[in-house]
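Engineer: Just so it is clear, I am handing over protein-v5.cif, which has mmCIF, C-alpha atoms and all ligand atoms.
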data_target
loop_
_atom_site.label_atom_id
_atom_site.label_comp_id
_atom_site.auth_asym_id
_atom_site.auth_seq_id
_atom_site.Cartn_x
_atom_site.Cartn_y
_atom_site.Cartn_z
CA MET A 168 0.00 0.00 0.00
CA SER A 169 2.77 2.34 -0.83
CA GLN A 170 0.35 4.37 -2.96
CA GLU A 171 -2.79 4.00 -0.92
CA SER A 172 -3.50 2.94 2.60
CA PRO A 173 -6.81 1.43 3.70
CA GLY A 174 -7.00 3.97 6.51
CA ASP A 175 -6.61 6.95 4.23
CA GLN A 176 -10.05 8.44 3.71
CA GLN A 177 -8.91 11.47 1.76
CA LYS A 178 -7.61 10.05 -1.51
CA ASP A 179 -9.46 8.70 -4.49
CA PRO A 180 -8.89 4.99 -4.89
CA PRO A 181 -6.16 4.44 -7.52
CA ALA A 182 -5.32 1.27 -9.42
CA PRO A 183 -3.59 -1.15 -9.36
CA HIS A 184 -3.58 -1.83 -5.62
CA HIS A 185 -7.10 -0.72 -5.03
CA SER A 186 -10.09 -1.78 -7.06
CA GLN A 187 -13.80 -2.04 -6.61
CA ALA A 188 -15.32 -5.47 -6.25
CA ARG A 189 -17.82 -6.52 -8.89
CA GLY A 190 -21.00 -8.43 -8.61
CA GLY A 191 -22.94 -9.50 -5.54
CA PRO A 192 -26.11 -8.17 -4.00
CA LEU A 193 -24.51 -5.16 -2.34
CA ARG A 194 -26.49 -2.09 -1.41
CA GLU A 195 -25.26 1.33 -2.45
CA GLY A 196 -22.51 2.50 -0.15
CA GLN A 197 -21.54 -1.03 0.78
CA THR A 198 -19.25 -1.87 -2.12
CA PRO A 199 -16.07 -3.24 -0.56
CA ASP A 200 -12.64 -1.84 -1.28
CA VAL A 201 -10.08 -4.39 -2.36
CA VAL A 202 -6.40 -3.77 -1.68
CA ILE A 203 -3.84 -6.22 -3.04
CA GLU A 204 -0.26 -6.37 -1.80
CA PRO A 205 2.46 -8.53 -3.35
CA ASP A 206 3.05 -10.76 -0.34
CA ALA A 207 2.02 -11.40 3.26
CA ASP A 208 4.83 -9.41 4.82
CA THR A 209 4.08 -6.34 2.73
CA LEU A 210 0.41 -6.78 3.57
CA ALA A 211 1.13 -6.90 7.31
CA ARG A 212 3.31 -3.79 7.12
CA SER A 213 0.82 -1.78 5.11
CA VAL A 214 -2.17 -2.79 7.24
CA ALA A 215 -0.19 -1.88 10.37
CA SER A 216 0.58 1.59 8.97
CA ALA A 217 -3.04 2.05 7.98
CA LEU A 218 -4.30 0.92 11.37
CA VAL A 219 -2.01 3.31 13.21
CA ALA A 220 -3.18 6.15 10.97
CA ARG A 221 -6.84 5.25 11.42
CA LEU A 222 -6.61 4.99 15.20
CA ALA A 223 -4.68 8.27 15.44
CA ALA A 224 -7.33 9.95 13.30
CA ALA A 225 -10.09 8.57 15.53
CA GLN A 226 -8.29 9.88 18.60
CA ALA A 227 -7.97 13.30 17.00
CA VAL A 228 -11.74 13.42 16.54
CA HIS A 229 -13.07 11.51 19.54
CA GLY A 230 -10.22 11.51 22.07
CA THR A 231 -10.25 7.72 22.10
CA ALA A 232 -10.10 4.99 19.49
CA SER A 233 -11.54 1.50 19.42
CA VAL A 234 -10.29 -1.60 17.64
CA VAL A 235 -11.38 -5.23 17.44
CA LEU A 236 -8.47 -7.64 17.08
CA THR A 237 -8.28 -10.97 15.31
CA GLY A 238 -6.00 -13.93 15.81
CA GLY A 239 -4.57 -15.94 12.96
CA GLY A 240 -1.27 -15.61 11.17
CA ILE A 241 -1.79 -12.39 9.28
CA GLY A 242 -3.69 -10.74 12.14
CA THR A 243 -0.84 -11.47 14.52
CA ALA A 244 1.75 -10.31 11.99
CA VAL A 245 -0.10 -7.00 11.74
CA LEU A 246 0.04 -6.55 15.51
CA GLN A 247 3.78 -7.26 15.51
CA ARG A 248 4.23 -4.56 12.88
CA VAL A 249 2.08 -2.15 14.89
CA ALA A 250 4.34 -2.78 17.90
CA ALA A 251 7.38 -2.05 15.75
CA LEU A 252 5.85 1.23 14.60
CA ALA A 253 5.05 2.18 18.20
CA ALA A 254 8.75 1.84 19.00
CA GLU A 255 9.72 4.38 16.32
CA PRO A 256 9.27 7.94 17.61
CA GLU A 257 8.20 9.29 14.20
CA HIS A 258 5.47 6.64 13.89
CA ALA A 259 4.33 6.52 17.52
CA VAL A 260 1.23 8.58 16.79
CA VAL A 261 -1.29 6.47 18.70
CA ASP A 262 -1.87 7.00 22.42
CA TRP A 263 -2.41 3.36 23.34
CA THR A 264 -3.69 4.36 26.79
CA ALA A 265 -6.69 5.82 24.94
CA VAL A 266 -7.48 2.80 22.77
CA HIS A 267 -10.29 0.42 23.58
CA VAL A 268 -9.23 -3.08 22.56
CA TRP A 269 -11.80 -5.78 21.92
CA TRP A 270 -11.65 -9.22 20.34
CA GLY A 271 -13.71 -10.71 17.51
CA ASP A 272 -13.61 -14.18 18.94
CA GLU A 273 -11.90 -16.31 21.51
CA ARG A 274 -11.29 -19.97 22.14
CA TRP A 275 -12.95 -21.46 25.24
CA VAL A 276 -9.70 -22.62 26.85
CA PRO A 277 -7.82 -21.62 30.04
CA VAL A 278 -6.37 -18.13 30.20
CA ASP A 279 -2.77 -19.21 29.67
CA HIS A 280 -3.53 -21.64 26.84
CA PRO A 281 -1.52 -20.96 23.67
CA ASP A 282 -4.73 -21.11 21.60
CA ARG A 283 -6.01 -17.92 23.25
CA ASN A 284 -6.21 -15.00 20.83
CA GLU A 285 -5.69 -12.75 23.85
CA LEU A 286 -2.31 -14.33 24.54
CA GLY A 287 -1.23 -13.89 20.94
CA ALA A 288 -2.21 -10.22 21.00
CA GLN A 289 -0.39 -9.65 24.27
CA GLN A 290 2.80 -11.15 22.93
CA ALA A 291 2.59 -9.40 19.57
CA LEU A 292 1.48 -5.93 20.69
CA LEU A 293 -0.08 -5.29 24.07
CA ASP A 294 3.02 -6.17 26.08
CA HIS A 295 4.99 -3.66 24.02
CA VAL A 296 2.84 -0.54 24.35
CA THR A 297 1.51 1.34 27.35
CA ILE A 298 -2.17 0.49 27.66
CA ASP A 299 -4.97 1.29 30.07
CA PRO A 300 -6.03 -2.13 31.44
CA GLU A 301 -9.55 -0.73 31.90
CA LYS A 302 -9.81 -0.28 28.15
CA VAL A 303 -8.57 -3.75 27.19
CA HIS A 304 -11.50 -6.15 26.97
CA PRO A 305 -10.50 -9.80 26.48
CA MET A 306 -13.23 -12.35 26.10
CA PRO A 307 -13.51 -14.65 29.15
CA SER A 308 -11.44 -17.81 29.35
CA SER A 309 -12.84 -21.19 30.37
CA ASP A 310 -11.26 -20.87 33.82
CA ALA A 311 -12.57 -17.37 34.55
CA GLY A 312 -15.48 -18.58 36.68
CA TYR A 313 -18.28 -18.65 34.11
CA ASP A 314 -20.41 -21.77 34.05
CA SER A 315 -20.61 -21.88 30.28
CA PRO A 316 -19.53 -20.07 27.11
CA GLU A 317 -23.13 -18.85 26.84
CA GLU A 318 -22.76 -17.09 30.19
CA ALA A 319 -19.40 -15.68 29.11
CA ALA A 320 -20.91 -14.43 25.84
CA ALA A 321 -23.70 -12.66 27.74
CA TRP A 322 -21.13 -11.04 30.02
CA TYR A 323 -19.10 -9.80 27.03
CA ALA A 324 -22.24 -8.35 25.49
CA GLU A 325 -22.78 -6.44 28.74
CA GLN A 326 -19.24 -5.05 28.52
CA LEU A 327 -19.87 -3.78 25.02
CA ALA A 328 -23.20 -2.23 25.95
CA ALA A 329 -21.70 -0.61 29.05
CA VAL A 330 -19.50 1.66 26.94
CA ALA A 331 -21.95 2.23 24.09
CA ASP A 332 -22.69 5.91 24.51
CA ASP A 333 -26.07 5.98 22.81
CA GLY A 334 -27.78 3.26 24.79
CA GLY A 335 -27.02 0.81 21.98
CA ALA A 336 -25.62 -2.68 22.17
CA VAL A 337 -22.20 -1.87 20.73
CA PRO A 338 -19.88 1.12 21.19
CA ARG A 339 -18.25 2.96 18.30
CA ILE A 340 -15.70 0.59 16.81
CA ASP A 341 -13.33 2.39 14.49
CA VAL A 342 -11.73 -0.70 12.96
CA LEU A 343 -12.82 -4.30 13.30
CA MET A 344 -10.26 -6.72 11.89
CA LEU A 345 -11.11 -10.24 10.83
CA GLY A 346 -9.11 -13.13 9.47
CA MET A 347 -10.86 -15.60 7.21
CA GLY A 348 -10.65 -19.38 7.10
CA PRO A 349 -10.34 -21.19 3.77
CA GLU A 350 -14.02 -22.13 3.93
CA GLY A 351 -14.98 -18.52 4.65
CA HIS A 352 -15.44 -18.40 8.40
CA VAL A 353 -14.86 -15.10 10.17
CA ALA A 354 -14.42 -14.65 13.92
CA SER A 355 -15.97 -17.99 15.02
CA ILE A 356 -18.94 -17.78 12.67
CA PHE A 357 -18.65 -20.93 10.55
CA PRO A 358 -20.63 -21.81 7.41
CA ASP A 359 -24.06 -23.36 8.01
CA SER A 360 -23.78 -22.86 11.77
CA PRO A 361 -26.31 -21.33 14.19
CA ALA A 362 -24.05 -18.30 14.74
CA VAL A 363 -24.74 -17.10 11.19
CA THR A 364 -28.34 -16.25 12.04
CA ASP A 365 -27.96 -15.52 15.76
CA GLU A 366 -28.92 -11.88 16.25
CA ARG A 367 -27.15 -11.40 19.57
CA PRO A 368 -23.99 -9.27 19.53
CA VAL A 369 -21.97 -12.00 21.23
CA VAL A 370 -22.61 -15.70 20.85
CA ALA A 371 -21.32 -18.96 22.26
CA VAL A 372 -20.18 -21.32 19.52
CA ARG A 373 -20.11 -25.06 19.97
CA ASP A 374 -19.08 -27.96 17.73
CA CYS A 375 -16.78 -25.82 15.59
CA PRO A 376 -15.42 -27.79 12.64
CA LYS A 377 -11.99 -26.37 13.45
CA PRO A 378 -10.56 -27.04 16.93
CA PRO A 379 -10.93 -25.99 19.63
CA PRO A 380 -14.63 -26.81 19.29
CA THR A 381 -15.99 -24.33 21.79
CA ARG A 382 -15.59 -20.59 21.42
CA VAL A 383 -17.11 -17.18 22.07
CA SER A 384 -17.60 -14.89 19.07
CA LEU A 385 -19.02 -11.57 18.06
CA GLY A 386 -22.16 -12.09 16.00
CA PHE A 387 -23.01 -10.32 12.78
CA SER A 388 -25.03 -7.66 14.60
CA ALA A 389 -21.85 -6.50 16.38
CA ILE A 390 -19.55 -6.96 13.38
CA THR A 391 -21.76 -4.91 11.09
CA ALA A 392 -22.05 -2.15 13.70
CA ALA A 393 -18.35 -1.34 13.28
CA GLU A 394 -17.42 1.78 11.33
CA GLU A 395 -14.88 -0.12 9.25
CA VAL A 396 -14.47 -3.87 8.78
CA TRP A 397 -11.08 -4.98 7.51
CA LEU A 398 -10.71 -8.54 6.27
CA LEU A 399 -7.06 -9.60 6.35
CA VAL A 400 -6.45 -12.50 4.04
CA SER A 401 -3.24 -14.07 2.84
CA GLY A 402 -2.38 -17.24 0.95
CA GLU A 403 -3.51 -19.22 -2.04
CA GLY A 404 -5.68 -21.45 0.13
CA LYS A 405 -8.06 -18.51 0.66
CA ALA A 406 -8.28 -17.45 -2.99
CA GLU A 407 -11.46 -19.30 -3.83
CA ALA A 408 -13.29 -18.08 -0.73
CA VAL A 409 -12.19 -14.49 -1.44
CA ALA A 410 -13.56 -14.72 -4.96
CA ARG A 411 -16.83 -16.24 -3.76
CA ALA A 412 -17.28 -13.66 -1.02
CA LEU A 413 -16.71 -10.77 -3.39
CA GLY A 414 -18.83 -12.50 -6.02
CA GLY A 415 -21.95 -12.37 -3.89
CA ALA A 416 -21.97 -15.61 -1.86
CA GLU A 417 -24.58 -15.89 0.86
CA PRO A 418 -23.26 -15.44 4.41
CA VAL A 419 -24.79 -18.73 5.50
CA ASP A 420 -22.56 -20.47 2.94
CA LEU A 421 -19.59 -18.19 3.36
CA PRO A 422 -19.78 -15.99 6.47
CA ALA A 423 -17.08 -13.57 5.30
CA ALA A 424 -19.58 -12.37 2.69
CA GLY A 425 -21.69 -10.93 5.52
CA ALA A 426 -18.89 -9.01 7.20
CA ARG A 427 -19.53 -5.38 6.30
CA GLY A 428 -18.74 -2.14 8.05
CA ARG A 429 -21.13 0.81 8.39
CA ARG A 430 -18.83 3.15 6.50
CA ALA A 431 -16.29 0.87 4.87
CA THR A 432 -15.49 -2.74 4.17
CA ARG A 433 -11.93 -3.40 3.12
CA TRP A 434 -10.56 -6.66 1.78
CA LEU A 435 -6.83 -6.47 2.40
CA LEU A 436 -5.21 -9.25 0.43
CA ASP A 437 -1.90 -10.56 -0.66
CA ALA A 438 -1.48 -11.54 -4.29
CA ASP A 439 -2.00 -15.23 -3.56
CA ALA A 440 -5.31 -14.62 -1.80
CA ALA A 441 -6.39 -12.36 -4.67
CA GLY A 442 -5.41 -14.94 -7.29
CA ARG A 443 -8.92 -15.84 -8.34
CA LEU A 444 -10.39 -12.37 -8.54
CA LEU A 445 -11.36 -11.33 -12.02
CA ARG A 446 -9.29 -8.49 -13.38
CA GLY A 447 -10.40 -5.66 -15.56
O1 LIG B 1 -9.35 -20.86 14.70
C1 LIG B 1 -9.77 -20.02 13.95
O2 LIG B 1 -10.94 -19.76 13.86
C2 LIG B 1 -8.77 -19.31 13.06
O3 LIG B 1 -7.55 -19.13 13.72
C3 LIG B 1 -9.27 -18.01 12.56
O4 LIG B 1 -9.78 -17.27 13.59
C4 LIG B 1 -8.21 -17.27 11.77
O5 LIG B 1 -8.20 -15.92 12.02
C5 LIG B 1 -8.43 -17.47 10.32
O6 LIG B 1 -8.54 -18.84 10.06
C6 LIG B 1 -7.31 -16.86 9.50
O7 LIG B 1 -6.11 -17.38 9.94
P1 LIG B 1 -4.75 -17.18 9.15
O8 LIG B 1 -4.53 -15.72 8.99
O9 LIG B 1 -3.72 -17.84 10.02
O10 LIG B 1 -4.90 -17.87 7.86
#
Show this structure as structure tokens.
Ligand SMILES: O=C(O)[C@H](O)[C@@H](O)[C@H](O)[C@H](O)COP(=O)(O)O

Structural biologist:
Amino acid sequence: MSQESPGDQQKDPPAPHHSQARGGPLREGQTPDVVIEPDADTLARSVASALVARLAAAQAVHGTASVVLTGGGIGTAVLQRVAALAAEPEHAVVDWTAVHVWWGDERWVPVDHPDRNELGAQQALLDHVTIDPEKVHPMPSSDAGYDSPEEAAAWYAEQLAAVADDGGAVPRIDVLMLGMGPEGHVASIFPDSPAVTDERPVVAVRDCPKPPPTRVSLGFSAITAAEEVWLLVSGEGKAEAVARALGGAEPVDLPAAGARGRRATRWLLDADAAGRLLRG
């Protein structure tokens, strides 16, 4: 994204790194942006720069910023790059003590389990910046004292609602990042699963086809309440799902197709993940 960053709202979208998706039953104003970088490392660097810029801009307007993190390889690589930027005085433009940090999903495992997305985010970013612990909102772990993931999901929904300033269910979320599985799952919303149609902002997910089988996830009502949804996708194994999502797949078949932001939806891809998109 040397020419265009996904967080830059001011510029017109130039080719070749930035093109409009075609097809699909999208309403006006919902057409996703597609950004294609040559490889995963370049993608992580450019998304990190864009995220820092977007959060700094949100802080300039609102005083605080709010981000939803994702696990996964590219999501974690982005956080590592954000930490690197925070260590460079000329790029340390985000006040991390004024950032609300949320998660898109979490595995129902003990707090110190390596599968926890929270642990990955701590190691990649949160241990390397000065944060306000009151503004960091991990999803509960299985050993946190909740009887069930359903109870934990309800608690997380309360946390979101508690800081929503308009009496709504979800606070302003400036950027919500999602990885995508090769079959099109986002957060822990899997194809043909009850979470696809669950209208609650936070849901318990059981019998996941990918281990661990039990999780807590934001639902579509929370995901689509975000100002901007950024889908971070790298690798050839995702290329078909990317093409189907941008080609108008139904969210029940391919949940990533239902991940849309209020103001922007950005598909941030490496060349391998973009390999089956039609050009021209
Ligand atoms: O267990 C999961 O549900 C996955 O970890 C998922 O949340 C992840 O974000 C995507 O599958 C993308 O992961 P990659 O970026 O590693 O491909």

Engineer: Kindly indicate which residue among A:Ala251, A:Leu436, A:Ala224, A:Trp270 lies nearest to Thr209 in chain A, using all atoms listed in the file for the distances.

Structural biologist: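 Answer, going by the shortest atom-to-atom distance: A:Leu436.
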
Engineer: Contacts of His304 in chain A at 10 Å or less, counting only C-alpha atoms, minus same-chain residues fewer than 3 places along, as a PDB file with C-alpha atoms, in the coordinates of the input?

Structural biologist:
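The result, written out as selection.pdb:
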ATOM      1  CA  VAL A 235     -11.380  -5.230  17.440  1.00  0.00           C
ATOM      2  CA  HIS A 267     -10.290   0.420  23.580  1.00  0.00           C
ATOM      3  CA  VAL A 268      -9.230  -3.080  22.560  1.00  0.00           C
ATOM      4  CA  TRP A 269     -11.800  -5.780  21.920  1.00  0.00           C
ATOM      5  CA  TRP A 270     -11.650  -9.220  20.340  1.00  0.00           C
ATOM      6  CA  GLU A 285      -5.690 -12.750  23.850  1.00  0.00           C
ATOM      7  CA  PRO A 300      -6.030  -2.130  31.440  1.00  0.00           C
ATOM      8  CA  GLU A 301      -9.550  -0.730  31.900  1.00  0.00           C
ATOM      9  CA  PRO A 307     -13.510 -14.650  29.150  1.00  0.00           C
ATOM     10  CA  TYR A 323     -19.100  -9.800  27.030  1.00  0.00           C
ATOM     11  CA  GLN A 326     -19.240  -5.050  28.520  1.00  0.00           C
ATOM     12  CA  LEU A 327     -19.870  -3.780  25.020  1.00  0.00           C
TER      13      LEU A 327
END

Engineer: If the limit is 8 Å from any atom of ligand LIG 1 (chain B), counting only C-alpha atoms and all ligand atoms, which residues qualify? Return them as a list in words.

Structural biologist: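 Every residue with an atom at most 8 Å from ligand LIG 1 (chain B) is listed here: Thr237, Gly238, Gly239, Gly240, Ile241, Gly242, Thr243, Asp272, Arg274, Leu345, Gly346, Met347, Gly348, Pro349, His352, Val353, Ala354, Ser355, Lys377, Pro378, Pro379, Leu399, Val400, Ser401, Gly402 and Lys405 of chain A.
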
Engineer: So that I can check the surroundings of Ala416 in chain A, please list as a list in words every protein, DNA and RNA residue that reaches within 12 Å of it, counting all atoms listed in the file and ignoring chain neighbours fewer than 3 positions away.

Structural biologist: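 Selected residues are Gly190, Gly191, Pro192, Leu193, Glu350, Gly351, Pro358, Glu407, Ala408, Val409, Ala410, Arg411, Ala412, Leu413, Val419, Asp420, Leu421, Pro422, Ala423, Ala424, Gly425 and Ala426 of chain A.
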
Engineer: Write out the residues from the selection above, keeping C-alpha atoms, as an mmCIF file, in the coordinates of the input.

Structural biologist:
data_model
loop_
_atom_site.group_PDB
_atom_site.id
_atom_site.type_symbol
_atom_site.label_atom_id
_atom_site.label_comp_id
_atom_site.auth_asym_id
_atom_site.auth_seq_id
_atom_site.Cartn_x
_atom_site.Cartn_y
_atom_site.Cartn_z
ATOM 1 C CA GLY A 190 -21.000 -8.430 -8.610
ATOM 2 C CA GLY A 191 -22.940 -9.500 -5.540
ATOM 3 C CA PRO A 192 -26.110 -8.170 -4.000
ATOM 4 C CA LEU A 193 -24.510 -5.160 -2.340
ATOM 5 C CA GLU A 350 -14.020 -22.130 3.930
ATOM 6 C CA GLY A 351 -14.980 -18.520 4.650
ATOM 7 C CA PRO A 358 -20.630 -21.810 7.410
ATOM 8 C CA GLU A 407 -11.460 -19.300 -3.830
ATOM 9 C CA ALA A 408 -13.290 -18.080 -0.730
ATOM 10 C CA VAL A 409 -12.190 -14.490 -1.440
ATOM 11 C CA ALA A 410 -13.560 -14.720 -4.960
ATOM 12 C CA ARG A 411 -16.830 -16.240 -3.760
ATOM 13 C CA ALA A 412 -17.280 -13.660 -1.020
ATOM 14 C CA LEU A 413 -16.710 -10.770 -3.390
ATOM 15 C CA VAL A 419 -24.790 -18.730 5.500
ATOM 16 C CA ASP A 420 -22.560 -20.470 2.940
ATOM 17 C CA LEU A 421 -19.590 -18.190 3.360
ATOM 18 C CA PRO A 422 -19.780 -15.990 6.470
ATOM 19 C CA ALA A 423 -17.080 -13.570 5.300
ATOM 20 C CA ALA A 424 -19.580 -12.370 2.690
ATOM 21 C CA GLY A 425 -21.690 -10.930 5.520
ATOM 22 C CA ALA A 426 -18.890 -9.010 7.200
#

Engineer: Would you work out the distance separating CA of Asp341 in chain A from CA of Thr432 in chain A, expressed in Å to one decimal?

Structural biologist: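 If I compute the distance from CA of Asp341 in chain A to CA of Thr432 in chain A, I get 11.7 Å.
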
Engineer: Record the distance separating CA of Ala215 in chain A and CA of Arg429 in chain A, expressed in Å with one decimal.

Structural biologist: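 Spanning CA of Ala215 in chain A to CA of Arg429 in chain A is a straight-line distance of 21.2 Å.
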
Engineer: Need the shell around Ala232 in chain A: protein/DNA/RNA residues with any atom at most 12 Å away, counting all atoms listed in the file. Skip same-chain ones fewer than 2 positions apart. Format as a PyMOL selection string?

Structural biologist: chain A and resi 218-230+234-235+261-269+302-303+338-343+394

Engineer: Rounded to one decimal place, report the CA of Asp206 in chain A-CA of Arg433 in chain A distance in Å.

Structural biologist: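 Value for the CA of Asp206 in chain A-CA of Arg433 in chain A distance: 17.0 Å.
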
Engineer: When you count all atoms listed in the file, which of these residues is closest to Ala441 in chain A: A:Glu204, A:Glu417, A:Asp359, A:Asp374?

Structural biologist: A:Glu204

Engineer: From the set A:Ala389, A:Val278, A:Leu292, A:Leu286, which residue has the shortest atom-to-atom contact distance to Ala328 in chain A, counting all atoms listed in the file?

Structural biologist: A:Ala389

Engineer: Might you pull out every residue within 10 Å of Glu318 in chain A, with all atoms listed in the file counted and same-chain residues fewer than 5 positions away left off, and present them as a list in words?

Structural biologist: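 Counting only the stated atoms, we get Pro307, Gly312, Tyr313, Tyr323, Ala324, Val370, Ala371 and Val383 of chain A.
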
Engineer: Measuring between all atoms listed in the file, which one of A:Cys375, A:Val369, A:Ala438, A:Met344 shows the shortest distance to Ala393 in chain A?

Structural biologist: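 Selected residue with least distance to Ala393 in chain A: A:Met344.
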
Engineer: Have a look at A:Arg430, A:His295, A:Arg283, A:Arg382 and name the one nearest to Ala320 in chain A; count all atoms listed in the file.

Structural biologist: A:Arg382

Engineer: Calculated over only C-alpha atoms, which of the candidates A:Ala211, A:Leu398, A:Val245, A:Ala406 has the smallest distance to Trp434 in chain A?

Structural biologist: A:Leu398
